[in-house]
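Student: This is the structure I have questions about; it appears just below.
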Amino acid sequence: MSDNNSILTVEVMDSDGSTFTLHEVCERGECHAEFVIKLVSYGIIAPVEPTVEARQWLFDVAALARLHKARRLQRDLKMNLPGLAMSLELLDEVQDMRREVDRLSRQLQQLTREW
Amino acid sequence: MDFKDYYAVLGVSESASPEEIKKSYRKLARKYHPDVSKEGNADEKFKDLGEAYEVLKDPEKRGEYDQLRKYGAQADGSFQPPPGWHSESGFGGGGYTDADSRQFSDFFEQMFGGGQGPGRGAGGGFRQNVRMRGEDVRARLPLFLEEVFNGTEKQVSFAVHEADKQGRIVARQKTLKVKIPAGMREGQHLRLKGQGAPGIGGGAPGDLLVEVELAPHPLFSVEGRDVVVTVPVAPWEAALGATITVPTVGSKVNVKVPKGTSSGRKLRLKGKGLPGKHPGDQIVILQIAIPEQHSAEAEKLYKQLAEAEKAFNPRSKLHL
């Protein structure tokens, strides 16, 4: 496969990097603008500058990833918006805590290690 | 082809009521949803669940499946449908379903896939008129800390769904060599434009979105942009102060331990953390280490020390 031979340079996406318009996130998230507007009103995702009107919204890649996640959860688990909002918040918290636990247990391991 | 025991997948008995099946599916779907579960094979499990439920929730499909199940798997676990098998309830007839059958197994395809027309999931006759952007594809990429520091080249493998010549949706395994810049953080995304699923009807291809993960390092841990390392010091180094050598990622550096250091004291090495526009720091946590065995000479000296430092009570805050 020719894909194997060339080395591709990636675009790093962080909050000060690439952004997507409302139209682009709808296309990528395969959803209607109304759904995105609802996610914003429930605080599930936020545009980079929330003060401007919806037509001028720009979303960063984290918001896009979250939109994808919201779509999957809604589709697979038949969740409504308040349920989605709460689940995503709890999932974030769980993820942060898992990372923290991993980090702390590694640190603890180092502290109790025999040198 | 392997036989799939849908009852086992859903953890219900053969005589389970539709209500029990639904209940079990819902519970397991929450448990194994790839966005929720931390288990490595959650993707696979969730797919199996969806497939099992798709069959068992539908009385017609379930009836057919039960017949096949009696016909049974062969001794080696492989399975061939009876000669002349044809599903009356399958996807091939064009019936509506909300399930994404592209994800389902060969077993499912053999049992319930129609084999007529342009095949499942492809959208049939609409294809000429519809113009759609290809799907974005997600992948995860674990990196070692050293790779994050220096940047690296990596192979990324992922599956893309695309239409074959017959218009059927098939999964194609793709591998790309990717240049990863230095200073990536856990959870950050990389985008490879146009490397996702191909578009339909001349639509643009989707992107590949790669999420970076950091593999655990035996020495260093990472907090945001900072790198943390625990470094042991001898009691006399901690008491008198010393210059010691500490490891940094890929190198080492000399550090001054201040006089009178207690275990757990943190030293900050500016700019020695993750590289980038705003590089992080390295945090050194000092830990006092004691030799497993002291010489008689050392024990004598410790006794002298204990005498000289009588006033020091390390447990003064414990209200004893």
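As shown in the structure tokens, the chain order sets the letters A, B, ...; within each chain, residues go from 1, and ligands are also counted from 1 in the order they appear.
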Pick out the residues sitting within 6 Å of stretch 27-34 of chain B, and hand them over as JSON, numbers by chain; count only C-alpha atoms, and ignore anything fewer than 5 positions along from it in its own chain.

Tutor: {"B": [42, 43, 46]}

Student: Write the selection just made, keeping N, CA and C atoms, as a CSV table (one decimal), in the first residue's frame?

Tutor:
chain,number,residue,atom,x,y,z
B,42,ALA,N,-13.6,-2.9,25.1
B,42,ALA,CA,-14.9,-2.4,25.2
B,42,ALA,C,-15.6,-2.2,23.8
B,43,ASP,N,-14.8,-1.7,22.9
B,43,ASP,CA,-15.3,-1.5,21.5
B,43,ASP,C,-15.9,-2.8,20.9
B,46,PHE,N,-19.0,-4.0,22.9
B,46,PHE,CA,-20.2,-3.2,22.6
B,46,PHE,C,-20.8,-3.5,21.3

Student: Sort by chain and increasing residue number a table of all residues of chain B within 9 Å of chain A, each with its closest pair of atoms and their distance in Å to one decimal, counting only C-alpha atoms, and write it as a tab-separated table.

Tutor:
residue	atom	partner	partner_atom	distance
B:Arg26	CA	A:Leu77	CA	7.5
B:Ala29	CA	A:Leu77	CA	7.1
B:Arg30	CA	A:Leu77	CA	6.9
B:His33	CA	A:Asp76	CA	8.0
B:Asp35	CA	A:Lys69	CA	7.0
B:Val36	CA	A:Leu91	CA	6.9
B:Gly50	CA	A:Asp76	CA	8.9
B:Met132	CA	A:Glu27	CA	8.9
B:Arg133	CA	A:Glu27	CA	7.5
B:Gly134	CA	A:Arg28	CA	8.7
B:Glu135	CA	A:Arg28	CA	7.2
B:Asp136	CA	A:Arg28	CA	6.9
B:Glu153	CA	A:Ile7	CA	7.9
B:Lys154	CA	A:Ile7	CA	9.0
B:Gln155	CA	A:Asn4	CA	8.6
B:Lys174	CA	A:Asp3	CA	7.7
B:Thr175	CA	A:Asn4	CA	6.2
B:Leu176	CA	A:Asn4	CA	5.6
B:Lys177	CA	A:Ile7	CA	4.8
B:Val178	CA	A:Leu8	CA	4.8
B:Lys179	CA	A:Thr9	CA	5.0
B:Ile180	CA	A:Val10	CA	6.8
B:Pro181	CA	A:Val10	CA	8.1
B:Met184	CA	A:Val12	CA	8.3
B:Gln188	CA	A:Asp14	CA	6.7
B:His189	CA	A:Met13	CA	5.4
B:Leu190	CA	A:Val12	CA	4.6
B:Arg191	CA	A:Glu11	CA	5.1
B:Leu192	CA	A:Val10	CA	5.5
B:Lys193	CA	A:Glu11	CA	8.1
B:Gly206	CA	A:Arg28	CA	8.0
B:Pro216	CA	A:Arg106	CA	8.6
B:Pro218	CA	A:Arg106	CA	8.2
B:Leu219	CA	A:Gln110	CA	7.8
B:Phe220	CA	A:Gln107	CA	8.8
B:Ser221	CA	A:Arg103	CA	6.5
B:Val222	CA	A:Arg103	CA	7.8
B:Glu223	CA	A:Arg103	CA	8.3
B:Val228	CA	A:Gln107	CA	8.7
B:Val229	CA	A:Gln107	CA	8.3
B:Thr230	CA	A:Gln110	CA	6.6
B:Val231	CA	A:Leu111	CA	8.9
B:Pro232	CA	A:Trp115	CA	7.6
B:Gln287	CA	A:Leu111	CA	7.2
B:Ala289	CA	A:Trp115	CA	7.4
B:Ile290	CA	A:Trp115	CA	8.9
B:Pro291	CA	A:Trp115	CA	8.8
